[in-house]
Each structure stands twice: as structure tokens, then as C-alpha cells.
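Participant: First, the structure itself, so that you have it in front of you.
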Amino acid sequence: MRQDGPNLLRGKPATPVYRLFFEQFKDTMILVLLAAALVAGLIGEVKDSVMIMAIVFFNAALGTVQQVRAARAIAALKKLTSPQATVVREGRITTLASAELVAGDLILLEAGNYVPADIRLIKCVALKIDESALTGESVPVEKSEAVLPDGPLTVGDRFNMAFSGTIVTYGRARGIVAATGMRSEMGKIARLLESEEAEATPLQRRFAELGKWLAAIALTICFFVFLAGVLRGEKIIEMFLTAVSLAVAAIPEGLPAVITISLALGAYRMVRRKALVRRLPAVETLGSTTVICTDKTGTLTQNKMTVQRVVPLRESVRGLLLKAGALCNDATEEKGDPTEQALLAAAAAEGWEKKELENEFPRHEEIPFDSTRKMMTTLHRAADGQYLVFAKGALEILLEKTTLPAVERAGVLAESQRCEAEGQRIIGLAWRSFPRRPAALEESDLEYLGFVALADPPRPEAAAAVARCRQAGIRPIMITGDHRLTALAIAQQVGIASGEDEVLTGLELENLTDAELQEKVARVNVFARVSPEHKLRIVAALKRRGEIVAMTGDGVNDAPALKQADIGVAMGAGGTDVARESADLVLTDDNFATIVAAVEEGRGIYANIKKFIHYMLSTNSGEIFTMFFALLLRLPLPLLPVQILWVNLVTDGLPAVALAAEPLEPGTMRQPPRPAGESIFAGGLLGSVIGIGSLMAAGTLWLFYLNLNWGGIDKARTVAFTALSLLQMAHVLNCRSLDRSVFQLGLFSNFYLALAVLATIVLQALVIYVPFLQFAFGTVPLDLIDWLLIGAVALTPLIGVETRKLAGRRPDLAAGN
């Protein structure tokens with residue numbers, strides 16, 4: 001690794017902090033503000049010029065800190081979702097991050113893996129690799145360990161190499177790492193593609209458009225404020241600085257950046273709940289999910305299979321049946337498919353250890369299991385020279401490959417169905433012997449041995465998670481390759497289905513038209529014996545009905561369905577690399593309850609963004625209305641330009657960003673899903689913004705008018721300046737929930753917001769009482785009576801909103817659920 005560096009493709013380098021700082025000055029409104037500061041300085045308004053510059057630089061520093069936090073959160077997410085590789089080091093099989101591989105490592109590959117580096121193959125078993133990402137070849141390429149002839153060969157002709165970034169679609173192999181990172185064939189291409197731009201999420205684009213509309217409205221109002229002031233006889237430069245400051249305060253130029261931060265930090269919080277977000281837009285969609293299509297095994301169940309019953313065709317073949325289960329098997333006691341590990345445990349319990357059996361009957365050939373055939377077959381050589389074929393797989397399919405008479409097949413199937421009705425999984429086993437090695441390994445004319453019934457009980461938390469789904473207006477659907485009765489038994493135990501009429505099999509699905517399937521998916525909650533192709537049709541039918549679909553998957557063939565779903569959910573523990581790369585969300589514990597937790601977090605993140613929008617627009621409108629109505633009422637300007645900028649920086653800065661850390665509200669999962677494309681102003685938000693903004697303006701202007709008569713213009717402006725700041729601090733408490741009392745939430749349950757409010761009040765006090773800040777901001781000291789009056793007015797929006805919340809509170813909120 002010291003020689004070649006980490007096994008990574010070099011991407012776009014991180015932007016240095018100093019460049020992030022200077023990029024803050026590319027914003028149009030910041031440039032306008034700098035121009036205003038320059039104009040003020042040139043005409044002799046040095047104090048205003050210096051203060052505007054100071055505030056601009058402080059704002060740039062705050063923006064830089066926010067961007068650095070977002071970048072770190074996203075980098076942490078990328079690190080958590082980095083691909084893994086199975087490697088043999090010091091004789092032990094271990095799993096490492098692909099970045100840690102070095103030339104010479106011994107790598108194990110199997111179907112579903114991404115190839116982590118350029119690898120020279122040394123042993124292949126029916127290996128096929130999809131190299132379309134590298135060569136454009138649409139058909140998977142057959143690989144071998146054979147030595148190639150000398151001479152130059154293209155990448156596509158190197159059949160004994162597996163190349164980084166390609167996909168193993170079939171078989172398995174061992175190989176030695178030949179090249180890593182930028183030295184690999186994919187790395188050579190990456191040198192040509194080193195620039196990478198992150199695409200804006202739909203939410204960012206929607207809010208960017210909103211920002212343009214708000215900017216147009218704000219600039220129009222600011223123009224009229226400037227015009228009205230000049231016509232009234234105010235100084236042009238003073239009105240120019242006021243209008244510019246007001247425009248900067250009113251326009252939500254930082255909105256897209258705040259959304260990015262909220263999404264990134266929210267996604268990082270999901271990690272603690274064992275859900276890795278691979279694509280930020282998924283966070284938005286999670287809150288709108290109406291259907292979760294989930295696998296059964298390992299997601300709803302514990303994925304700890306044990307053999308419950310051994311049902312041989314005759315008692316005399318019981319031992320051979322157990323041996324077949326252990327030999328036609330790729331698992332070990334420590335690692336492998338849970339079903340195969342259960343078969344090993346059953347054989348070992350009766351004295352047949354796999355290692356001893358493999359020494360006695362070494363494997364010579366195999367046909368690996370795949371989801372289309374639903375079978376696995378192996379060829380072994382016995383000590384007496386005979387060759388034995390062992391096969392295992394789905395009972396109905398396996399029986400078709402045997403010589404068992406139809407009458408006996410019916411009896412076997414009837415017995416298996418009794419086991420399946422109890423939620424047990426059935427694995428059929430068969431064999432065949434040859435005096436010499438057959439020319440080709442075929443799955444035909446097998447002798448049926450019997451079946452084993454295995455149980456994989458539901459996870460303890462599955463039923464509660466399903467109930468939470470239904471409570472949240474989300475419909476859980478089970479999609480599994482297991483038998484109808486097995487699927488129904490588990491579905492009934494966890495609460496997904498209650499009766500036989502809610503089950504549809506893959507065979508029945510194939511006989512339905514798209515229109516008929518669209519009608520069926522409205523009431524079918526369990527799909528059994530389905531193939532990956534069926535999953536695509538199910539997802540498409542649900543989406544045609546207007547559902548927002550989350551789909552789980554773990555295999556290579558699940559990738560198309562994961563991509564087609566609105567939210568693709570891959571299994572992080574038991575899934576393949578291909579599924580993980582195709583997914584939007586990766587579960588590190590393969591648990592259905594984690595999907596539900598991710599949906600809850602997604603709803604919470606969107607709710608926090610909406611709270612931020614509510615707060616920001618309310619406070620900005622309060623500032624605009626204060627200035628606009630002062631001019632209409634022919635009052636002096638209640639705020640100086642530098643005071644407007646201070647209010648904007650302090651109140652739209654610290655407390656607003658702290659809203660992104662607002663904890664999940666109780667009752668989040670008792671509400672129906674948010675409709676996709678719902679306006680950010682849904683639920684009366686626009687009316688609230690205008691109402692609160694007007695209330696802030698009224699309170700500020702009332703105090704300004706009173707003090708104008710009592711204490712003069714400087715005192716009046718200081719009171720108005722302070723009142724507006726504290727009104728916004730009171731309102732930020734309102735914005736913590738749109739319908740739940742702040743006292744019910746707890747004043748200090750969001751520690752960061754409590755700290756931000758306290759810091760804002762302390763900073764405001766410093767501006768009022770520190771002499772050089774008094775000079776800079778045009779303030780004078782306030783006495784106790786002033787503070788009591790300001791405090792009383794500042795509480796009006798809090799009291800008003802709390803009263804509305806109390807009057808309109810839903811029963812579930814009042815109960816604290």
C-alpha cells in the first residue's frame with residue numbers, strides 16, 4: 001500500500017477551506033453588500049462601511065463552517081458505504097474494505113460481488129463476469145485460469161483476468177491481486193474522468209426555485225421602501241444602504257446550502273439506527289413512502305435456520321439424505337448461507353462432519369445455485385471410484401428432475417405442505433450414482449431421497465415494526481421466493497396478512513395482465529414463489545397506482561427492482577455488492593424494523609427543513625414589514641442598515657441552523673405519509689408566515705413609536721432593534737413544532753437551539769452595553785423597564801401560537817403519543 005497507495009480511484013480533491021471561504025463571496029447579494037460598503041466608504045460613511053464589511057466577513061466564516069460540516073458528514077457516509085472484499089491473509093478468510101487491498105492479496109469471488117481490483121484468476125468454477133462497465137460487452141464473459149498466449153491482448157480478450165469494477169454474475173473463483181487503484185484498468189479510465197460534480201437533490205432544486213420567487217418579491221418591496229424613503233426626503237445613501245441591507249436580510253440565498261447540511265447531517269444520524277443513506281435524495285423520498293415491499297428471510301425473520309424435521313422417502317436413506325445436505329453445500333460452520341449451515345448442523349448432530357465427508361467424497365464439479373433454477377448440484381468421487389451426484393433445492397422443482405412416480409410425488413408434496421403451513425421451509429434432496437465420471441453434469445433422472453423442514457422464526461421486533469408501519473399509513477408487503485404456505489405463516493405471525501386471499505404466487509402472477517396485476521396489488525399483501533422479474537412487475541403496478549414504493553433486495557437479480565423502486569433498500573450484512581450499489585439505502589443489520597426507523601428519520605429530516613423554512617420566512621417577512629409599514633405610517637426608519645444586517649446574521653444564523661438538530665417529534669409515525677410533490681406551504685404555512693411576520697412588525701413598531709416620544713430616535717431604534725431580535729428568539733421556539741407545545745417538547749430538549757438562543761441574547765446585550773459596539777451599531781443602554789416592555793412584546797407570538805396549538809391540538813398529540 002505504501003508503494004501503490006490505497007486501492008481507490010482518485011476522485012475530485014476536497015475543496016480547501018480557504019477556497020470555501022472565498023466562494024462565499026460569489027453570491028450576488030454578498031457582492032451587492034460589498035458594493036454598498038464601498039459606496040458608503042467613498043462618501044464618508046466610514047462607520048457603516050466598516051460594520052457592513054465586518055458582518056459580511058463574519059457571515060462568510062459562518063457559511064464556511066457550515067459547508068465544512070456538511071462535507072465531513074458526506075465523507076463519513078461515503079466511508080461507511082465503501083465496498084468490501086473477501087481476502088485470505090495468513091491462511092484465514094476475512095472481510096476488508098476494498099481500499100485496503102494490495103498487490104499479491106488472495107481474493108475470493110462469488111456471484112454478486114463487485115471485483116475489487118484487477119485480479120489474475122488461479123481457480124474458476126463456472127465463472128462469468130459482466131464487463132459491460134469496462135468494455136461495453138453486453139453479455140457476461142466466461143473466465144478461466146488458463147495461461148494466455150504471448151502477445152498484446154485487449155482487455156476483453158484477457159479471459160484469465162477479473163477487472164476492477166466489473167460484476168461476478170455466476171460461479172465463483174480465487175485470484176491474486178495484480179493491480180489496484182489508479183494502476184487498474186478502471187483507474188486508467190478514471191484518469192480521464194477525474195472531475196465529478198454532485199447533482200442537486202429534487203428538494204434543493206425546488207427550494208432554489210422558491211428562493212428566486214421570494215427574491216423577486218423581496219427586491220420589489222425593497223425597491224418601494226427605497227423609493228418611498230427618498231420621496232419622503234430621507235438621504236439617498238441612507239435609503240440605499242437600508243434597501244440593500246433589507247434585501248440581503250430578506251432573500252434566502254443560503255437556503256440550498258442549509259438543505260444540503262440538513263440532509264447530510266440527518267443521513268449521518270441514520271447511521272446510528274443502522275441505515276446507511278447512499279443517495280441524499282432518498283432522505284426526501286423516505287418521508288413520502290406509502291408501501292414497503294420486504295423480503296422475508298433475514299428481514300422479517302432471524303435468519304437462523306434450524307432443521308425441525310427430516311423426512312426421508314424411506315428410513316434406510318436417512319443417512320444418505322443428511323450426507324447429501326452436507327456435501328451439496330458451500331457453507332462452513334463459521335460462514336455461509338444460514339440454510340446450508342443448518343443442513344451442516346443436522347448432519348453433524350448425527351455424526352457426519354463436513355470436513356470428513358469432503359475427504360471421503362471430494363467435489364469435482366458443480367452447478368451453483370441461482371434464483372432461476374432454484375437448485376444446486378455437485379459431483380463427487382467416492383473411494384471405490386464411483387461418481388455421485390447430489391442435488392438440493394426447491395422441492396417442486398427438484399421432484400420434476402427425479403424418477404419418483406407421480407403418485408408418490410403427490411404424497412411427498414402433501415406432507416411438505418403440512419410443514420409449510422407451520423411456517424417451515426422445505427429443501428428437497430436427491431442423488432444419482434455413476435460407475436465412471438459422466439461426460440456432463442446434468443440435473444435429470446435423479447433418485448429422490450427426501451426433504452428437510454427448517455424454521456426461521458420471526459424477529460422479536462418484526463410484529464411491532466409492522467404495526468408501526470400501519471399506524472404511519474404505510475402498507476407492508478412481503479415478497480419472497482418461499483412457498484405460499486410458508487410465506488403466509490410468517491406474514492400472519494408478524495401482522496402483514498390475515499388470510500389466504502391475501503397471497504399471490506409467481507405462477508399466478510405470470511397469468512395476469514398488467515391491468516389485472518394493478519388491480520390485485522391493491523389487496524394482495526404476500527407474494528410467494530416470485531422471481532426477480534416478478535418483483536419488477538409488482539413495483540411497476542404499485543407505482544401506477546400512485547404509491548411511493550420502498551423495495552428490499554439482496555441478490556444480483558434484485559438490482560433492477562431496487563433501481564425501479566422509489567427507494568431501493570439493500571441488505572448490508574447478507575446482500576451482494578451489486579444490490580448495495582443499486583440501492584438508495586443500505587441496512588447494516590438486514591432488519592425490517594430498521595427500514596421503519598429510516599422512514600421515521602426521513603420524516604423527521606423533512607419536518608426540520610420545513611421548520612427552518614417557516615422560521616426563516618417568518619423572521620424575514622417581519623423585518624421587511626417593519627421597514628415598509630414604518631414608511632407607510634410616515635415614521636422615521638426604525639432600524640439602521642447595520643442593525644438589519646445584525647438581526648439577519650444572528651437570528652437567521654445560529655438558531656436557524658440549530659433547528660436542523662431538532663429531535664424527532666413524538667407522533668411522527670402516527671401521521672399519514674406526506675404526498676409526493678406536496679408544497680412546502682401545505683398545512684397553512686404561508687398564512688402563518690404572513691401572520692407572524694405582521695405580528696412581529698406590529699410589536700416592533702409599537703415599541704418604536706412609544707420610545708420615539710419618550711426617549712428620542714436613538715433610544716427608539718435600540719428598543720426596536722432589540723425587540724425584533726427577541727421576537728425572533730421567541731418565535732424560533734414556536735417553530736420547533738407546527739402543532740405541539742414547546743412546553744410539551746421541553747425547553748431544553750434541543751440543547752443546540754437552547755444554546756443558540758442564549759448566545760443570541762448575550763450578543764444582543766453586548767451590542768447594547770459595550771461602548772465601541774454602541775458606536776458601531778448606533779445603540780444606547782436600556783433600563784429594566786425597557787427590557788420588561790420588550791420581553792412582554794416578544795412573548796406575544798409565542799403566546800398566540802401556543803394558544804392556537806392548544807385550540808387545534810389533535811387527540812394523539814394531546815396524549816403525548
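Residues are named by chain letter and number: chains run A, B, ... in the order of the C-alpha cells, numbers start at 1 in each chain, and ligands are numbered from 1 in the order shown.
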Near Phe625 (chain A), within 8 Å and counting only C-alpha atoms, which residues show up once chain neighbours fewer than 2 positions away are dropped, as a PDB file with C-alpha atoms, in the first residue's frame?

Facilitator:
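Output file around01.pdb follows:
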```pdb
ATOM      1  CA  SER A 621     -41.085  38.998   6.499  1.00  0.00           C
ATOM      2  CA  GLY A 622     -41.091  40.597   9.969  1.00  0.00           C
ATOM      3  CA  GLU A 623     -38.026  42.659   9.035  1.00  0.00           C
ATOM      4  CA  MET A 627     -39.490  48.858   7.443  1.00  0.00           C
ATOM      5  CA  PHE A 628     -42.287  49.001   4.875  1.00  0.00           C
ATOM      6  CA  PHE A 629     -45.073  49.913   7.295  1.00  0.00           C
ATOM      7  CA  GLY A 693     -44.333  38.498  10.257  1.00  0.00           C
ATOM      8  CA  SER A 694     -47.126  41.030  10.657  1.00  0.00           C
ATOM      9  CA  ALA A 697     -43.740  44.187  12.713  1.00  0.00           C
TER      10      ALA A 697
END
```

Participant: Would you please extract all helix (DSSP H, G or I) residues from region 379-409 of chain A, as assigned by DSSP on the backbone, and give them as a ChimeraX atom specification?

Facilitator: /A:395-400,406-409

Participant: Could you write out that same residue set with all heavy atoms as a short mmCIF file (atom, residue, chain, number, x, y, z; two decimals), in the first residue's frame?

Facilitator:
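So the final result, stored in again-v9.cif, reads:
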```cif
data_model
loop_
_atom_site.label_atom_id
_atom_site.label_comp_id
_atom_site.auth_asym_id
_atom_site.auth_seq_id
_atom_site.Cartn_x
_atom_site.Cartn_y
_atom_site.Cartn_z
N LEU A 395 -38.47 -28.00 -3.54
CA LEU A 395 -38.98 -29.37 -3.63
C LEU A 395 -39.75 -29.62 -4.94
O LEU A 395 -39.52 -30.63 -5.60
CB LEU A 395 -39.88 -29.67 -2.42
CG LEU A 395 -40.40 -31.12 -2.33
CD1 LEU A 395 -39.24 -32.11 -2.26
CD2 LEU A 395 -41.31 -31.27 -1.12
N GLU A 396 -40.65 -28.71 -5.32
CA GLU A 396 -41.44 -28.93 -6.53
C GLU A 396 -40.54 -29.06 -7.75
O GLU A 396 -40.77 -29.92 -8.62
CB GLU A 396 -42.43 -27.77 -6.76
CG GLU A 396 -43.40 -27.55 -5.64
CD GLU A 396 -42.95 -26.42 -4.72
OE1 GLU A 396 -41.76 -26.41 -4.37
OE2 GLU A 396 -43.79 -25.59 -4.38
N ILE A 397 -39.52 -28.21 -7.84
CA ILE A 397 -38.62 -28.24 -9.00
C ILE A 397 -37.75 -29.48 -8.97
O ILE A 397 -37.56 -30.16 -9.98
CB ILE A 397 -37.76 -26.96 -9.02
CG1 ILE A 397 -38.67 -25.75 -9.27
CG2 ILE A 397 -36.68 -27.04 -10.08
CD1 ILE A 397 -37.99 -24.42 -9.17
N LEU A 398 -37.23 -29.81 -7.79
CA LEU A 398 -36.36 -30.97 -7.68
C LEU A 398 -37.11 -32.26 -8.03
O LEU A 398 -36.57 -33.15 -8.70
CB LEU A 398 -35.79 -31.05 -6.26
CG LEU A 398 -34.82 -32.23 -6.04
CD1 LEU A 398 -33.48 -31.73 -5.53
CD2 LEU A 398 -35.39 -33.23 -5.06
N LEU A 399 -38.36 -32.38 -7.60
CA LEU A 399 -39.14 -33.59 -7.90
C LEU A 399 -39.30 -33.80 -9.40
O LEU A 399 -39.34 -34.94 -9.89
CB LEU A 399 -40.52 -33.50 -7.23
CG LEU A 399 -40.55 -33.75 -5.72
CD1 LEU A 399 -41.93 -33.44 -5.15
CD2 LEU A 399 -40.14 -35.19 -5.39
N GLU A 400 -39.39 -32.71 -10.15
CA GLU A 400 -39.50 -32.81 -11.60
C GLU A 400 -38.24 -33.40 -12.23
O GLU A 400 -38.28 -33.93 -13.34
CB GLU A 400 -39.77 -31.42 -12.20
CG GLU A 400 -41.11 -30.81 -11.82
CD GLU A 400 -42.28 -31.60 -12.37
OE1 GLU A 400 -42.13 -32.18 -13.48
OE2 GLU A 400 -43.33 -31.66 -11.71
N ALA A 406 -45.53 -40.20 -10.04
CA ALA A 406 -46.42 -39.07 -9.77
C ALA A 406 -47.23 -39.27 -8.50
O ALA A 406 -47.48 -38.32 -7.75
CB ALA A 406 -47.34 -38.85 -10.96
N VAL A 407 -47.67 -40.51 -8.25
CA VAL A 407 -48.47 -40.79 -7.06
C VAL A 407 -47.67 -40.50 -5.80
O VAL A 407 -48.17 -39.88 -4.85
CB VAL A 407 -48.97 -42.25 -7.07
CG1 VAL A 407 -49.69 -42.58 -5.76
CG2 VAL A 407 -49.90 -42.49 -8.26
N GLU A 408 -46.43 -40.97 -5.78
CA GLU A 408 -45.58 -40.74 -4.61
C GLU A 408 -45.22 -39.25 -4.47
O GLU A 408 -45.09 -38.74 -3.37
CB GLU A 408 -44.31 -41.59 -4.70
CG GLU A 408 -44.59 -43.08 -4.56
CD GLU A 408 -43.29 -43.88 -4.43
OE1 GLU A 408 -42.56 -43.64 -3.45
OE2 GLU A 408 -43.02 -44.71 -5.32
N ARG A 409 -45.06 -38.58 -5.61
CA ARG A 409 -44.78 -37.13 -5.56
C ARG A 409 -45.91 -36.39 -4.85
O ARG A 409 -45.67 -35.49 -4.05
CB ARG A 409 -44.63 -36.56 -6.98
CG ARG A 409 -43.36 -36.93 -7.69
CD ARG A 409 -43.29 -36.20 -9.02
NE ARG A 409 -42.27 -36.77 -9.88
CZ ARG A 409 -41.98 -36.33 -11.10
NH1 ARG A 409 -42.67 -35.32 -11.60
NH2 ARG A 409 -41.05 -36.91 -11.81
#
```

Participant: Work out how far CA of Pro457 (chain A) is from CA of Thr486 (chain A), in Å to one decimal.

Facilitator: 11.1 Å

Participant: Would you give me, as JSON lines, each residue of region 507-592 of chain A having an atom within 8 Å of an atom of region 475-483 of chain A, along with its shortest atom pair and that distance in Å to one decimal, using only C-alpha atoms and sorting by chain and residue number?

Facilitator:
```
{"residue": "A:Val524", "atom": "CA", "partner": "A:Ile477", "partner_atom": "CA", "distance": 7.9}
{"residue": "A:Asn525", "atom": "CA", "partner": "A:Ile477", "partner_atom": "CA", "distance": 4.7}
{"residue": "A:Val526", "atom": "CA", "partner": "A:Met478", "partner_atom": "CA", "distance": 4.7}
{"residue": "A:Phe527", "atom": "CA", "partner": "A:Ile479", "partner_atom": "CA", "distance": 4.7}
{"residue": "A:Ala528", "atom": "CA", "partner": "A:Thr480", "partner_atom": "CA", "distance": 5.1}
{"residue": "A:Arg529", "atom": "CA", "partner": "A:Gly481", "partner_atom": "CA", "distance": 4.1}
{"residue": "A:Val530", "atom": "CA", "partner": "A:Gly481", "partner_atom": "CA", "distance": 5.0}
{"residue": "A:Ser531", "atom": "CA", "partner": "A:Gly481", "partner_atom": "CA", "distance": 6.7}
{"residue": "A:Lys535", "atom": "CA", "partner": "A:Ile479", "partner_atom": "CA", "distance": 7.7}
```

Participant: Go through region 87-162 of chain A and flag each residue having an atom no more than 12 Å from region 363-380 of chain A; for those, report the closest pair of atoms plus their distance in Å to one decimal, using only C-alpha atoms, ordered by chain and rising number, as CSV.

Facilitator:
```
residue,atom,partner,partner_atom,distance
A:Glu110,CA,A:Pro368,CA,10.1
A:Ala111,CA,A:Asp370,CA,9.1
A:Gly112,CA,A:Asp370,CA,10.9
A:Cys124,CA,A:Glu365,CA,11.0
A:Val125,CA,A:Glu366,CA,7.7
A:Ala126,CA,A:Ile367,CA,7.7
A:Leu127,CA,A:Pro368,CA,10.1
A:Lys128,CA,A:Pro368,CA,11.9
```
